[in-house]
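Novice: Mind having a look at this structure? Questions to follow.
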Amino acid sequence: MTGLKILVVGSGGREHALAWSLSRSPQVGQVFVAPGNGGTEWAANPNAKGLQPCAKSKNVPIAAENIVELMAFAQREKIDLTVVGPEVPLSMGIVDQFQAAGLRVFGPTQAAARLEASKAFAKDFMKQHSIPTAEYGVFAEFEVARQFVHDFGRPVVVKADGLAAGKGVIVCDTVEEAEDALRRILIDKEFGAAGETVVIEERLEGEEISNLMFADGKQIVAMPTARDHKRAYDGDQGPNTGGMGAYAYTHVSNEFEIAEENYDRVTRPTIDGLQQAGTPYIGVLYAGLMITPDGPKVLEFNCRFGDPETQVILPLLQTDLVDILNACIDGKLTSNLVYEKYEERTAATVVLAAPGYPGSYPKGLPISGLKNITDENVIVFHAGTTQKDGQLVTNGGRVLNVTAVGSTLDEALQRAYAAIEHIHFDGMHYRKDIGRTGVKQHDR
């Protein structure tokens with residue numbers, strides 16, 4: 001079948017990467033992105049070279065949370081497949097509603113998406129199914145939570161239970177910092193309803209990785225493990241962010257060992273547990289892992305493609321993404337659809353952020369230089385941009401993801417950082433050390 005119409009829901013760098021990857025399928029004739037951003041519209045390009053998109057893409061001015069309007073658009077345009085990017089519409093039950101209307105959609109149901117929508121639910125689920133994770137407690141009252149922190153006596157991480165746009169996690173070195181975090185969440189209501197309950201857990205030490213998997217309800221197939229860089233500044237300093245850069249390999253042996261151990265201890269019990277509960281998991285399951293001396297432990301589950309991990313995983317994929325997503329929906333996922341078709345290459349992405357991010361930041365700053373990037377091994381995914389009077393301007397904290405591929409991580413990083421030299425907006429900041437640890441560990 002050719003000429004498929006695809007709808008991607010969301011507006012960030014992840015959604016740009018999804019729209020780009022889907023546009024490169026020979027089955028696709030039109031991609032729509034709702035609401036999209038300043039980089040998610042392009043003309044058809046049947047003679048695309050390198051990492052250029054192919055099928056045309058158009059923005060649709062419908063918010064990702066406006067499920068009724070999205071359904072009406074999908075029905076009116078006879079959309080063949082809807083792909084949901086962000087977590088909020090998943091937690092609102094967009095998949096359930098689309099399915100009830102007879103619309104084909106990729107993502108977990110509202111019940112399955114509770115793994116991300118409620119950290120307390122996820123921790124209790126892991127405890128029930130003996131999935132390794134940090135010690136924890138769940139609290140709704142400040143004084144009780146405060147006493148737990150004092151009694152625990154070790155560094156902790158304080159998390160708002162609900163969805164807080166990736167910002168509801170506070171890493172604490174001292175009891176005083178933990179008390180302050182509890183006060184911000186439970187008393188000052190910094191994260192609103194998402195912080196009515198908090199999860200306090202031990203602070204794990206080790207190497208953090210992102211393990212994303214395709215799932216069809218029963219079968220699971222791992223994507224290449226990715227490494228995200230959460231802290232705002234070089235040397236893993238500064239506040240946590242949604243991610244300042246990432247890299248992924250397809251051909252490093254210890255990455256496969258980690259994935260296999262994670263499959264046995266984490267992924268398989270998770271998928272089996274959800275199926276037994278009557279809420280089979282179909283979509284992308286993302287396990288944020290800490291590789292400790294005792295093996296991988298789950299930091300968190302996400303119920304969708306990661307951001308910015310998607311921006312380094314999809315450029316490595318040779319298999320048609322449409323085929324993979326349909327196989328998941330139809331319960332026909334196999335490993336030779338996915339894992340064996342990743343190229344033996346590496347991808348890296350560097351996030352260009354607005355001044356002040358992850359705190360308050362200005363919008364509307366003119367962006368220049370993108371047209372001067374000519375390297376066919378580089379693709380710039382837009383995260384927080386918009387078009388204003390014909391000028392591309394900033395419209396978010398994380399503005400652009402400069403992604404490059406190479407035969408080694410060092411090669412990919414050199415290409416990404418060389419491309420960044422062409423780009424400018426006032427106050428632009430980015431980490432200069434993305435992937436440097438990986439270069440030392442893995443590049444030969």
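Chains: A, B, ... in order of the structure tokens. Residues: from 1 per chain. Ligands: from 1, in order shown.
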Could you give me, as a PyMOL selection string, each residue of stretch 92-336 of chain A that DSSP assigns to alpha helix (DSSP H) when run on this structure's backbone?
Specialist: chain A and resi 94-100+114-117+119-128+142-152+175-182+253-262+268-276+310-313+321-330
Novice: List every residue of stretch 155-261 of chain A that DSSP, applied to the backbone, labels as strand (DSSP E), and write the result as a PyMOL selection string.
Specialist: chain A and resi 156-160+169-172+198-202+207-216+220-222+226-228+231-233+237-240+245-249
Novice: So the first atom is atom CA of A:His382 and the second is atom CA of A:Gly38; what is the distance between them in Å, to one decimal place?
Specialist: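 These atoms are spaced 6.9 Å apart.
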Novice: Near stretch 345-355 of chain A, within 7 Å and counting only C-alpha atoms, which residues show up once chain neighbours fewer than 6 positions away are dropped, as a ChimeraX atom specification?
Specialist: /A:244-250,311-312,316,361,397-409,412-413,416,427-430,434
Novice: Looking at A:Lys167, A:Arg227, A:Lys297, A:Lys218, which one is nearest to A:Thr133, with distances taken over only C-alpha atoms?
Specialist: A:Lys297
Novice: Tell me which protein, DNA and RNA residues are within 12 Å of A:Phe191, counting only C-alpha atoms, leaving out same-chain ones fewer than 6 positions away, and put them as an MDAnalysis selection string.
Specialist: chainID A and resid 159:170 181:185 197:198
Novice: Considering only C-alpha atoms, can you say which of A:Ala327, A:Leu51, A:Ala111, A:Ala117 comes closest to A:Thr279?
Specialist: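 Nearest to A:Thr279: A:Ala111.
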Novice: Can you tell me how far atom CA of A:Thr374 sits from atom CA of A:Gly10, in Å to one decimal?
Specialist: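 According to the coordinates, atom CA of A:Thr374 and atom CA of A:Gly10 are separated by 27.6 Å.
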Novice: Set the distance at 7 Å and use only C-alpha atoms: which residues neighbour A:Cys328 once local chain neighbours fewer than 2 positions away are removed? I'd like the list as a list in words.
Specialist: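 The contact residues come out as Ala215, Asp216, Ile282, Gly283, Ile324, Leu325, Asn326, Asp330, Gly331, Lys332 and Leu333 of chain A.
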Novice: What is the distance, in Å and to one decimal place, between atom CA of A:Gln75 and atom CA of A:Phe32?
Specialist: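 Between atom CA of A:Gln75 and atom CA of A:Phe32 the gap works out to 13.3 Å.
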Novice: Could you name the residues that touch stretch 387-392 of chain A at 9 Å or less, counting only C-alpha atoms, but leaving out those on the same chain fewer than 4 positions away, as a VMD selection string?
Specialist: chain A and resid 37 to 39 364 to 368
Novice: Write out as a ChimeraX atom specification which residues come within 12 Å of A:Arg104 when counting only C-alpha atoms, dropping same-chain ones fewer than 4 positions away.
Specialist: /A:5-7,71,74-75,78-84,94-100,325-326,328-330
Novice: Write the residues of the selection above to a file with C-alpha atoms, as a PDB file, in the first residue's frame.
Specialist:
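Ended up saving to result33.pdb:
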ATOM      1  CA  LYS A   5      -1.720   9.338   5.519  1.00  0.00           C
ATOM      2  CA  ILE A   6       0.017   9.502   8.894  1.00  0.00           C
ATOM      3  CA  LEU A   7      -0.841  11.760  11.830  1.00  0.00           C
ATOM      4  CA  MET A  71     -10.298  12.342  16.273  1.00  0.00           C
ATOM      5  CA  ALA A  74      -8.350  11.780  11.632  1.00  0.00           C
ATOM      6  CA  GLN A  75     -11.844  10.794  10.525  1.00  0.00           C
ATOM      7  CA  LYS A  78      -9.120   9.348   6.537  1.00  0.00           C
ATOM      8  CA  ILE A  79      -5.834   9.019   8.428  1.00  0.00           C
ATOM      9  CA  ASP A  80      -4.386   5.512   8.092  1.00  0.00           C
ATOM     10  CA  LEU A  81      -2.274   5.617  11.259  1.00  0.00           C
ATOM     11  CA  THR A  82      -1.942   7.991  14.203  1.00  0.00           C
ATOM     12  CA  VAL A  83       1.287   7.976  16.231  1.00  0.00           C
ATOM     13  CA  VAL A  84       1.130   9.596  19.673  1.00  0.00           C
ATOM     14  CA  ILE A  94      -6.300   9.077  23.482  1.00  0.00           C
ATOM     15  CA  VAL A  95      -5.569   5.510  22.355  1.00  0.00           C
ATOM     16  CA  ASP A  96      -8.739   4.139  23.975  1.00  0.00           C
ATOM     17  CA  GLN A  97     -10.857   6.840  22.342  1.00  0.00           C
ATOM     18  CA  PHE A  98      -9.315   6.447  18.895  1.00  0.00           C
ATOM     19  CA  GLN A  99      -9.745   2.672  19.073  1.00  0.00           C
ATOM     20  CA  ALA A 100     -13.390   3.033  20.139  1.00  0.00           C
ATOM     21  CA  LEU A 325       4.346   0.198  14.263  1.00  0.00           C
ATOM     22  CA  ASN A 326       1.751  -1.839  12.359  1.00  0.00           C
ATOM     23  CA  CYS A 328       2.998  -3.853  17.159  1.00  0.00           C
ATOM     24  CA  ILE A 329      -0.661  -2.938  16.670  1.00  0.00           C
ATOM     25  CA  ASP A 330      -1.428  -6.282  14.981  1.00  0.00           C
TER      26      ASP A 330
END
Novice: For a quick check of understanding, using only C-alpha atoms, which of A:Thr174, A:Asn262, A:Thr319, A:Thr386 has the smallest distance to A:Asn59?
Specialist: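 Closest residue, counting only C-alpha atoms: A:Thr386.
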Novice: Using only C-alpha atoms for the distances, tell me which of A:Phe301, A:Phe148, A:Tyr417, A:Phe425 is nearest to A:Leu285.
Specialist: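 Residue with the minimum atom-to-atom distance to A:Leu285: A:Phe301.
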